[in-house]
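Here's the structure, in structure tokens; my notes come after.
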Amino acid sequence: MPFEKKILCIGAGYVGGPTMAVIAQKCPQHKVSVVDINPERISEWNSDDLPIYEPGLSEIVKEVRGRNLFFRTDIGEGIKEADIIFVSVNTPTKDYGVGAGKAADLQYWEQTARQIVEFSHSPKIIVEKSTVPVKTAQAMERIVRSESNDTKFDVLSNPEFLSEGTAVNDLQNPDRVLIGSMETESGLKARDTLVEIYANWVPRERIITTNIWSSELSKLAANAFLAQRVSSINSISALCEKTDADITEVATAIGMDSRVGDKFLNASVGFGGSCFQKDILNLVYLCRYYGLEEVADYWESVVRINQYQQERFIFKVLNAMFNTLSGKRICLFGFAFKANTGDTRESPAIFIAKKLLEENATIVITDPEALRNARADLEGVNSNIDYIEDPHEAARGCHAIAVMTEWDLYRSLDFKRIYDGMVKPAFIFDGRNILNHAELFEIGFNVFPIGKPAMTHF
Ligand code: UDX
Ligand code: UDX
């Protein structure tokens, strides 16, 4: 049976790959293709060893790959045949020129727009999936319409809210799907076409439609609100450490107010990930551009607190370990920016690792999924780094353990055995508050949680 619609996604990353796998799974009547400028990435998607680790993803890819999901390298051909084109290329923070360090770098995004124009000979709906500054869709419209090409293009904004580690479930059961469109007859028609795709598995009341600017801004604001919760609880954790308050007790008390809610109140060494910092800086840039200095300062402080939390962690380690780390071995439990992913982008572990190396410590990194990325992140930084997959092995001969990622497996390790193999006095800095601190203290460790009194034997 011929396919009803041809869907293409440009960008086979953490967003494009899983999103298209789930669309293909839920819409067997449509053909879904994924292309990428990086042919190696595409061949990884076509192998048994997918380029990203995401629970449940490889099962879905196996189910639909070759049926109605295709990872391809022929970008031009893909564009030619597509009815709907999702753009999911990366939009990192600019590191040059105007807006460096804050604005989004849209070069890949614009190149993609131009590529679409070049190969299009039939009407296309272009769907902006990448998080982009407000009004990017307008720029996209201008680029695609300015060419001599008289193909009809409609641009929609459909930001992705999936969270890494739970991406499959987030895509299959989203809290909401947001679709922004131009309020023209053709814009609304394009919007309805995309609504129909999602309605194959998402209840209608969860598919919300807005104007295109609201949609673009909602994505930036949603991430800013989430990050702001983490910075809020982290700022209170600093105060807890100065008093006898316990951040877990405080978070429980706050979170039981149904107006606040109990999610996203885990104090930590800091938030990471490819989105939070980038999107807030983007929001800050936008506010400054419009002369809203107070608003910009407010959101910028969320990033400042996140940086402060990581610096505080380093000071704590240094202070507890007699103000010198020189020649000491410190084991980092986890390097991914959160559990259940191998992704290390903006992971606090990168900053912590570099600071420890600056203090002439040797670091041992262990992580069940992120060692490959960790090696790439720290390439050329320093040679005093060991990568060991087994955490028991990794901690042997170390002076301290610092928990960077909340992997479940760290909760059930044999800490007595680990303690016996370490240099004394042995320290644990629990940057995620996931371990049983009383038990560790009993074993003999000096324990330093986040936002709770330290437990030491001195
Ligand atoms: C990225 C952005 O970080 C996020 O803000 C946005 O919402 C979606 O895109 P992610 O999928 O996590 O998210 O990025 P990444 O894993 O880096 O994937 C982007 C892919 O696009 C890469 O595989 C890259 O090779 C590809 N790409 C980039 C293209 O195919 N064409 C380009 O011109 C540039
Ligand atoms: C986030 C948004 O949740 C998602 O909707 C958006 O599409 C992309 O950005 P992601 O970055 O994948 O998703 O993970 P998320 O679960 O939001 O965690 C971000 C960071 O905050 C992680 O480093 C995490 O460890 C940290 N965090 C989260 C905390 O430190 N404490 C918390 O209570 C929650």
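Please note that chains go A, B, ... in the order of the structure tokens, that every chain numbers its residues from 1, and that ligands are numbered from 1 in the order shown.
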Could you list, as a PDB file with N, CA and C atoms, in the first residue's frame, every residue within 6 Å of A:Val87, counting only C-alpha atoms and ignoring same-chain residues fewer than 2 positions away?
ATOM      1  N   CYS A   9      12.678  14.440   8.333  1.00  0.00           N
ATOM      2  CA  CYS A   9      13.261  15.209   9.437  1.00  0.00           C
ATOM      3  C   CYS A   9      14.721  15.491   9.085  1.00  0.00           C
ATOM      4  N   ILE A  10      15.110  16.749   9.156  1.00  0.00           N
ATOM      5  CA  ILE A  10      16.515  17.102   8.921  1.00  0.00           C
ATOM      6  C   ILE A  10      17.173  17.283  10.283  1.00  0.00           C
ATOM      7  N   VAL A  89      17.795  20.593  13.479  1.00  0.00           N
ATOM      8  CA  VAL A  89      19.253  20.753  13.511  1.00  0.00           C
ATOM      9  C   VAL A  89      19.615  21.549  14.759  1.00  0.00           C
ATOM     10  N   GLU A 128       9.238  23.764  12.483  1.00  0.00           N
ATOM     11  CA  GLU A 128      10.393  24.140  13.283  1.00  0.00           C
ATOM     12  C   GLU A 128      10.357  23.339  14.582  1.00  0.00           C
ATOM     13  N   LYS A 129      11.282  22.397  14.739  1.00  0.00           N
ATOM     14  CA  LYS A 129      11.356  21.591  15.966  1.00  0.00           C
ATOM     15  C   LYS A 129      12.479  22.093  16.859  1.00  0.00           C
TER      16      LYS A 129
END
Contacts of A:Arg204 within 12 Å, only C-alpha atoms, excl. fewer than 2 positions in-chain, as a PyMOL selection string = chain A and resi 174-178+192+195-202+206-209
Can you pull out every residue with an atom within 8 Å of ligand 2? Use only C-alpha atoms and all ligand atoms and format it as a compact mmCIF listing (two decimals) with N, CA and C atoms, in the first residue's frame.
# COMPACT_ATOMS: atom_id res chain seq x y z
N PRO A 159 7.50 23.09 18.99
CA PRO A 159 8.63 22.79 19.87
C PRO A 159 8.50 21.44 20.55
N GLU A 160 9.65 20.82 20.79
CA GLU A 160 9.68 19.50 21.42
C GLU A 160 9.95 19.64 22.92
N PHE A 161 9.13 19.00 23.72
CA PHE A 161 9.29 19.11 25.18
C PHE A 161 9.87 17.84 25.79
N LEU A 162 10.35 16.90 24.97
CA LEU A 162 10.84 15.65 25.55
C LEU A 162 12.04 15.91 26.45
N SER A 163 12.15 15.04 27.43
CA SER A 163 13.26 15.14 28.36
C SER A 163 14.11 13.90 28.17
N GLU A 164 15.42 14.06 28.10
CA GLU A 164 16.28 12.91 27.84
C GLU A 164 16.19 11.91 29.00
N GLY A 165 16.30 10.63 28.66
CA GLY A 165 16.18 9.60 29.69
C GLY A 165 14.75 9.09 29.78
N ALA A 167 12.58 10.09 27.08
CA ALA A 167 12.10 10.63 25.80
C ALA A 167 10.99 9.79 25.18
N LYS A 219 8.29 27.72 24.40
CA LYS A 219 9.36 26.74 24.57
C LYS A 219 10.49 27.33 25.42
N ALA A 222 9.17 27.79 28.99
CA ALA A 222 8.96 26.54 29.72
C ALA A 222 10.30 26.05 30.28
N ASN A 223 11.34 26.07 29.44
CA ASN A 223 12.65 25.63 29.94
C ASN A 223 13.18 26.58 31.00
N LEU A 226 11.47 25.72 34.29
CA LEU A 226 11.98 24.47 34.88
C LEU A 226 13.35 24.70 35.51
N ALA A 227 14.22 25.38 34.77
CA ALA A 227 15.57 25.63 35.28
C ALA A 227 15.50 26.53 36.52
N ARG A 229 13.26 26.54 38.77
CA ARG A 229 12.92 25.73 39.95
C ARG A 229 14.18 25.09 40.53
N VAL A 230 15.04 24.59 39.63
CA VAL A 230 16.26 23.93 40.11
C VAL A 230 17.16 24.97 40.79
N LYS A 263 7.49 18.27 41.82
CA LYS A 263 8.51 17.87 40.85
C LYS A 263 9.60 18.94 40.71
N PHE A 264 10.77 18.49 40.26
CA PHE A 264 11.86 19.42 39.97
C PHE A 264 12.31 20.22 41.17
N LEU A 265 12.30 19.57 42.34
CA LEU A 265 12.79 20.24 43.54
C LEU A 265 13.95 19.47 44.15
N ASN A 266 14.67 18.72 43.32
CA ASN A 266 15.84 18.00 43.84
C ASN A 266 17.07 18.89 43.77
N ALA A 267 17.60 19.22 44.95
CA ALA A 267 18.84 20.01 44.96
C ALA A 267 19.94 19.17 44.33
N SER A 268 20.86 19.82 43.66
CA SER A 268 21.90 19.07 42.94
C SER A 268 23.15 19.91 42.81
N VAL A 269 24.16 19.30 42.18
CA VAL A 269 25.40 20.02 41.92
C VAL A 269 25.17 21.09 40.83
N GLY A 270 23.99 21.06 40.23
CA GLY A 270 23.66 22.05 39.19
C GLY A 270 22.96 21.37 38.03
N PHE A 271 22.21 22.14 37.27
CA PHE A 271 21.58 21.53 36.10
C PHE A 271 22.53 21.58 34.91
N GLY A 272 22.36 20.60 34.01
CA GLY A 272 23.13 20.59 32.77
C GLY A 272 22.18 20.32 31.62
N GLY A 273 22.74 19.79 30.54
CA GLY A 273 21.89 19.49 29.38
C GLY A 273 22.01 20.56 28.31
N SER A 274 21.63 20.17 27.11
CA SER A 274 21.86 21.07 25.97
C SER A 274 20.86 22.22 25.95
N CYS A 275 19.81 22.18 26.77
CA CYS A 275 18.74 23.16 26.60
C CYS A 275 18.68 24.28 27.64
N PHE A 276 18.73 23.91 28.93
CA PHE A 276 18.40 24.92 29.94
C PHE A 276 19.23 26.20 29.81
N PHE A 337 24.72 14.35 32.17
CA PHE A 337 24.11 15.51 32.84
C PHE A 337 22.90 15.12 33.67
N LYS A 338 22.39 13.91 33.45
CA LYS A 338 21.33 13.34 34.28
C LYS A 338 21.35 11.84 34.07
N ALA A 339 20.56 11.11 34.85
CA ALA A 339 20.57 9.65 34.71
C ALA A 339 19.85 9.20 33.45
N SER A 347 27.14 19.19 31.07
CA SER A 347 27.06 18.47 32.34
C SER A 347 27.91 19.17 33.39
N PRO A 348 27.39 19.35 34.61
CA PRO A 348 28.21 19.96 35.66
C PRO A 348 29.50 19.17 35.88
N THR A 405 26.02 12.18 38.90
CA THR A 405 24.81 11.80 38.17
C THR A 405 23.99 10.84 39.03
N GLU A 406 22.67 11.00 38.98
CA GLU A 406 21.81 10.21 39.89
C GLU A 406 21.46 8.83 39.33
N ARG A 432 24.11 14.67 44.35
CA ARG A 432 22.72 14.41 43.93
C ARG A 432 21.85 13.96 45.10
List every residue of chain A that has an atom at most 8 Å from any atom of ligand 1, and for each one report the closest atom pair and its distance in Å to one decimal, counting only C-alpha atoms and all ligand atoms, with rows sorted by chain and then by increasing residue number, as a Markdown table.
| residue | atom | partner | partner_atom_place_in_ligand_line | distance |
| --- | --- | --- | --- | --- |
| A:Ile10 | CA | ligand 1 | 30 (O) | 5.3 |
| A:Gly11 | CA | ligand 1 | 21 (O) | 3.4 |
| A:Ala12 | CA | ligand 1 | 23 (O) | 4.5 |
| A:Gly13 | CA | ligand 1 | 18 (O) | 3.2 |
| A:Tyr14 | CA | ligand 1 | 11 (O) | 3.8 |
| A:Val15 | CA | ligand 1 | 11 (O) | 3.7 |
| A:Gly16 | CA | ligand 1 | 11 (O) | 5.5 |
| A:Gly17 | CA | ligand 1 | 11 (O) | 7.4 |
| A:Val35 | CA | ligand 1 | 30 (O) | 6.4 |
| A:Asp36 | CA | ligand 1 | 30 (O) | 3.4 |
| A:Ile37 | CA | ligand 1 | 30 (O) | 4.1 |
| A:Asn38 | CA | ligand 1 | 25 (O) | 4.8 |
| A:Arg41 | CA | ligand 1 | 23 (O) | 6.4 |
| A:Val87 | CA | ligand 1 | 8 (C) | 7.9 |
| A:Ser88 | CA | ligand 1 | 8 (C) | 4.5 |
| A:Val89 | CA | ligand 1 | 21 (O) | 3.6 |
| A:Asn90 | CA | ligand 1 | 1 (C) | 3.8 |
| A:Thr91 | CA | ligand 1 | 2 (C) | 5.2 |
| A:Pro92 | CA | ligand 1 | 3 (O) | 6.2 |
| A:Gln107 | CA | ligand 1 | 33 (O) | 7.7 |
| A:Tyr108 | CA | ligand 1 | 33 (O) | 4.0 |
| A:Trp109 | CA | ligand 1 | 33 (O) | 6.2 |
| A:Gln111 | CA | ligand 1 | 33 (O) | 5.9 |
| A:Thr112 | CA | ligand 1 | 33 (O) | 5.5 |
| A:Lys129 | CA | ligand 1 | 7 (O) | 5.7 |
| A:Ser130 | CA | ligand 1 | 7 (O) | 3.2 |
| A:Thr131 | CA | ligand 1 | 7 (O) | 3.9 |
| A:Val132 | CA | ligand 1 | 5 (O) | 7.0 |
| A:Pro159 | CA | ligand 1 | 7 (O) | 7.0 |
| A:Glu160 | CA | ligand 1 | 7 (O) | 6.5 |
| A:Ser274 | CA | ligand 1 | 3 (O) | 5.6 |
| A:Cys275 | CA | ligand 1 | 5 (O) | 5.9 |
| A:Lys278 | CA | ligand 1 | 5 (O) | 8.0 |
| A:Asp279 | CA | ligand 1 | 5 (O) | 7.8 |
Keeping only N, CA, C and O atoms, write the selected residues to a file as a CSV table (one decimal), in the first residue's frame.
chain,number,residue,atom,x,y,z
A,10,ILE,N,15.1,16.7,9.2
A,10,ILE,CA,16.5,17.1,8.9
A,10,ILE,C,17.2,17.3,10.3
A,10,ILE,O,16.8,18.2,11.1
A,11,GLY,N,18.2,16.5,10.6
A,11,GLY,CA,18.8,16.5,11.9
A,11,GLY,C,18.5,15.2,12.7
A,11,GLY,O,17.4,15.1,13.2
A,12,ALA,N,19.5,14.3,12.8
A,12,ALA,CA,19.2,13.0,13.4
A,12,ALA,C,19.8,13.0,14.8
A,12,ALA,O,20.6,12.1,15.1
A,13,GLY,N,19.5,13.9,15.6
A,13,GLY,CA,20.1,14.0,17.0
A,13,GLY,C,19.2,13.5,18.0
A,13,GLY,O,18.3,12.6,17.8
A,14,TYR,N,19.4,14.0,19.3
A,14,TYR,CA,18.6,13.5,20.4
A,14,TYR,C,17.1,13.9,20.3
A,14,TYR,O,16.3,13.2,20.9
A,15,VAL,N,16.8,14.9,19.5
A,15,VAL,CA,15.4,15.3,19.3
A,15,VAL,C,14.9,14.6,18.1
A,15,VAL,O,13.9,13.9,18.1
A,16,GLY,N,15.6,14.8,16.9
A,16,GLY,CA,15.0,14.2,15.7
A,16,GLY,C,14.9,12.7,15.7
A,16,GLY,O,13.8,12.2,15.2
A,17,GLY,N,15.9,12.0,16.1
A,17,GLY,CA,15.9,10.5,16.1
A,17,GLY,C,14.7,10.0,16.8
A,17,GLY,O,13.8,9.3,16.2
A,35,VAL,N,17.2,12.5,7.8
A,35,VAL,CA,18.5,12.8,7.1
A,35,VAL,C,19.4,13.6,8.0
A,35,VAL,O,18.9,14.3,9.0
A,36,ASP,N,20.7,13.7,7.7
A,36,ASP,CA,21.6,14.4,8.5
A,36,ASP,C,22.8,14.7,7.7
A,36,ASP,O,23.2,13.9,6.8
A,37,ILE,N,23.5,15.9,8.0
A,37,ILE,CA,24.7,16.2,7.2
A,37,ILE,C,25.8,15.2,7.6
A,37,ILE,O,26.8,15.1,6.9
A,38,ASN,N,25.7,14.6,8.7
A,38,ASN,CA,26.7,13.7,9.2
A,38,ASN,C,26.4,12.3,8.8
A,38,ASN,O,25.6,11.6,9.4
A,41,ARG,N,26.6,9.5,11.4
A,41,ARG,CA,25.4,9.4,12.3
A,41,ARG,C,24.3,8.6,11.7
A,41,ARG,O,23.7,7.8,12.4
A,87,VAL,N,12.4,20.4,11.0
A,87,VAL,CA,13.8,20.8,11.1
A,87,VAL,C,14.3,20.7,12.5
A,87,VAL,O,13.7,21.3,13.4
A,88,SER,N,15.3,19.8,12.7
A,88,SER,CA,15.7,19.5,14.1
A,88,SER,C,17.2,19.6,14.1
A,88,SER,O,17.9,18.7,14.7
A,89,VAL,N,17.8,20.6,13.5
A,89,VAL,CA,19.3,20.8,13.5
A,89,VAL,C,19.6,21.5,14.8
A,89,VAL,O,18.8,22.2,15.4
A,90,ASN,N,20.9,21.5,15.1
A,90,ASN,CA,21.2,22.1,16.4
A,90,ASN,C,21.3,23.7,16.3
A,90,ASN,O,21.7,24.2,15.2
A,91,THR,N,21.0,24.3,17.4
A,91,THR,CA,21.0,25.8,17.4
A,91,THR,C,21.8,26.2,18.7
A,91,THR,O,21.2,26.6,19.6
A,92,PRO,N,23.1,25.9,18.7
A,92,PRO,CA,23.9,26.2,19.9
A,92,PRO,C,24.0,27.7,20.2
A,92,PRO,O,23.6,28.5,19.4
A,107,GLN,N,23.3,29.5,12.1
A,107,GLN,CA,23.8,29.2,10.8
A,107,GLN,C,23.4,27.9,10.2
A,107,GLN,O,23.1,27.8,9.0
A,108,TYR,N,23.3,26.9,11.0
A,108,TYR,CA,22.8,25.6,10.5
A,108,TYR,C,21.4,25.6,10.1
A,108,TYR,O,21.0,25.0,9.1
A,109,TRP,N,20.7,26.4,10.8
A,109,TRP,CA,19.3,26.5,10.6
A,109,TRP,C,19.0,27.2,9.3
A,109,TRP,O,18.1,26.8,8.5
A,111,GLN,N,21.2,27.5,6.8
A,111,GLN,CA,21.6,26.6,5.7
A,111,GLN,C,20.6,25.6,5.3
A,111,GLN,O,20.3,25.3,4.1
A,112,THR,N,19.9,25.1,6.4
A,112,THR,CA,18.9,24.1,6.1
A,112,THR,C,17.7,24.7,5.3
A,112,THR,O,17.2,24.1,4.4
A,129,LYS,N,11.3,22.4,14.7
A,129,LYS,CA,11.4,21.6,16.0
A,129,LYS,C,12.5,22.1,16.9
A,129,LYS,O,12.4,22.0,18.1
A,130,SER,N,13.5,22.6,16.2
A,130,SER,CA,14.7,23.1,17.0
A,130,SER,C,14.2,24.3,17.8
A,130,SER,O,13.3,25.0,17.4
A,131,THR,N,14.7,24.4,19.0
A,131,THR,CA,14.4,25.6,19.8
A,131,THR,C,15.1,26.8,19.2
A,131,THR,O,16.3,26.8,19.0
A,132,VAL,N,14.3,27.8,18.9
A,132,VAL,CA,14.9,28.9,18.2
A,132,VAL,C,14.4,30.2,18.8
A,132,VAL,O,13.4,30.2,19.5
A,159,PRO,N,7.5,23.1,19.0
A,159,PRO,CA,8.6,22.8,19.9
A,159,PRO,C,8.5,21.4,20.5
A,159,PRO,O,7.4,21.0,20.8
A,160,GLU,N,9.7,20.8,20.8
A,160,GLU,CA,9.7,19.5,21.4
A,160,GLU,C,10.0,19.6,22.9
A,160,GLU,O,10.9,20.3,23.3
A,274,SER,N,21.6,20.2,27.1
A,274,SER,CA,21.9,21.1,26.0
A,274,SER,C,20.9,22.2,26.0
A,274,SER,O,21.0,23.2,25.2
A,275,CYS,N,19.8,22.2,26.8
A,275,CYS,CA,18.7,23.2,26.6
A,275,CYS,C,18.7,24.3,27.6
A,275,CYS,O,18.5,25.4,27.3
A,278,LYS,N,21.3,27.2,27.5
A,278,LYS,CA,21.2,27.8,26.1
A,278,LYS,C,19.9,28.6,26.0
A,278,LYS,O,19.9,29.7,25.5
A,279,ASP,N,18.8,28.0,26.4
A,279,ASP,CA,17.5,28.7,26.2
A,279,ASP,C,17.4,29.9,27.1
A,279,ASP,O,16.8,30.9,26.7
As a ChimeraX atom specification, list the residues of stretch 78-164 of chain A assigned to strand (DSSP E or B) by DSSP on the backbone atoms of this structure.
-> /A:84-87,93,104,124-128,153-157
Emit the selected residues as a compact mmCIF listing (two decimals), in the first residue's frame, including N, CA, C and O atoms.
# COMPACT_ATOMS: atom_id res chain seq x y z
N ILE A 84 5.91 17.05 4.45
CA ILE A 84 6.13 17.76 5.72
C ILE A 84 7.61 17.61 6.08
O ILE A 84 8.14 16.50 6.08
N ILE A 85 8.28 18.72 6.38
CA ILE A 85 9.71 18.66 6.73
C ILE A 85 9.92 19.20 8.14
O ILE A 85 9.68 20.38 8.41
N PHE A 86 10.35 18.34 9.04
CA PHE A 86 10.71 18.79 10.39
C PHE A 86 12.16 19.25 10.36
O PHE A 86 13.01 18.55 9.79
N VAL A 87 12.44 20.39 10.97
CA VAL A 87 13.83 20.84 11.06
C VAL A 87 14.29 20.70 12.51
O VAL A 87 13.73 21.31 13.41
N THR A 93 24.56 27.97 21.37
CA THR A 93 24.80 29.37 21.69
C THR A 93 25.95 29.86 20.81
O THR A 93 26.95 29.18 20.63
N ALA A 104 21.41 32.64 19.92
CA ALA A 104 21.47 31.33 19.28
C ALA A 104 22.21 31.45 17.95
O ALA A 104 22.05 32.43 17.23
N LYS A 124 5.30 22.45 0.51
CA LYS A 124 5.90 21.84 1.72
C LYS A 124 5.38 22.53 2.98
O LYS A 124 5.24 23.77 2.99
N ILE A 125 5.20 21.74 4.00
CA ILE A 125 4.97 22.31 5.33
C ILE A 125 6.28 22.14 6.09
O ILE A 125 6.79 21.02 6.21
N ILE A 126 6.84 23.26 6.52
CA ILE A 126 8.12 23.19 7.25
C ILE A 126 7.81 23.34 8.74
O ILE A 126 7.15 24.29 9.15
N VAL A 127 8.28 22.39 9.53
CA VAL A 127 7.98 22.40 10.96
C VAL A 127 9.25 22.66 11.74
O VAL A 127 10.20 21.89 11.68
N GLU A 128 9.24 23.76 12.48
CA GLU A 128 10.39 24.14 13.28
C GLU A 128 10.36 23.34 14.58
O GLU A 128 9.48 23.53 15.41
N PHE A 153 5.26 27.34 0.53
CA PHE A 153 5.78 26.87 1.81
C PHE A 153 4.92 27.41 2.96
O PHE A 153 4.55 28.58 2.94
N ASP A 154 4.63 26.57 3.94
CA ASP A 154 4.04 27.06 5.18
C ASP A 154 4.96 26.67 6.30
O ASP A 154 5.45 25.54 6.36
N VAL A 155 5.22 27.63 7.21
CA VAL A 155 6.15 27.34 8.31
C VAL A 155 5.35 27.26 9.62
O VAL A 155 4.58 28.16 9.95
N LEU A 156 5.56 26.16 10.34
CA LEU A 156 4.90 25.98 11.64
C LEU A 156 5.95 25.89 12.73
O LEU A 156 7.09 25.50 12.46
N SER A 157 5.54 26.21 13.95
CA SER A 157 6.43 26.00 15.09
C SER A 157 5.84 24.88 15.93
O SER A 157 4.67 24.93 16.29
Find the residues around A:Thr184 up to 12 Å (only C-alpha atoms counted), leave out those fewer than 4 positions away in its own chain, and share them as a PyMOL selection string.
-> chain A and resi 154-156+180+188-191+211-212
When you draw a straight line from atom CA of A:Tyr387 to atom CA of A:Leu357, how long is it in Å?
->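 Answer for the atom CA of A:Tyr387 to atom CA of A:Leu357 separation: 14.4 Å.
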Check the smallest atom-to-atom distance from each of A:Pro18, A:Pro391, A:Gly101, A:Pro449 to A:Pro55 using only C-alpha atoms, then report the winner.
->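 Answer, going by the shortest atom-to-atom distance: A:Pro18.
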Minimum-distance residue to A:Gln172, chosen among A:Ile42, A:Cys27, A:Leu69, A:Ile79 (using only C-alpha atoms) |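 Between A:Ile42, A:Cys27, A:Leu69, A:Ile79, the residue approaching A:Gln172 most closely is A:Cys27.
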Residues flagged helix (DSSP H, G or I) by DSSP in stretch 12-135 of chain A, as a ChimeraX atom specification = /A:16-26,39-45,57-64,75-81,107-119
For stretch 239-244 of chain A, work out the shell of residues within 7 Å, counting only C-alpha atoms and skipping chain neighbours fewer than 4 positions away, then give it as number ranges by chain.
-> A: 235, 451-453
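Among the candidates A:His399, A:Arg145, A:Arg304, A:Arg72, the residue lying nearest to A:Asn446 is A:His399 (atoms considered: only C-alpha atoms).
Distances from A:Asp262, A:Glu300, A:Glu358, A:Asp257 to A:Ile280 were compared using only C-alpha atoms, and the smallest one belongs to A:Glu300.
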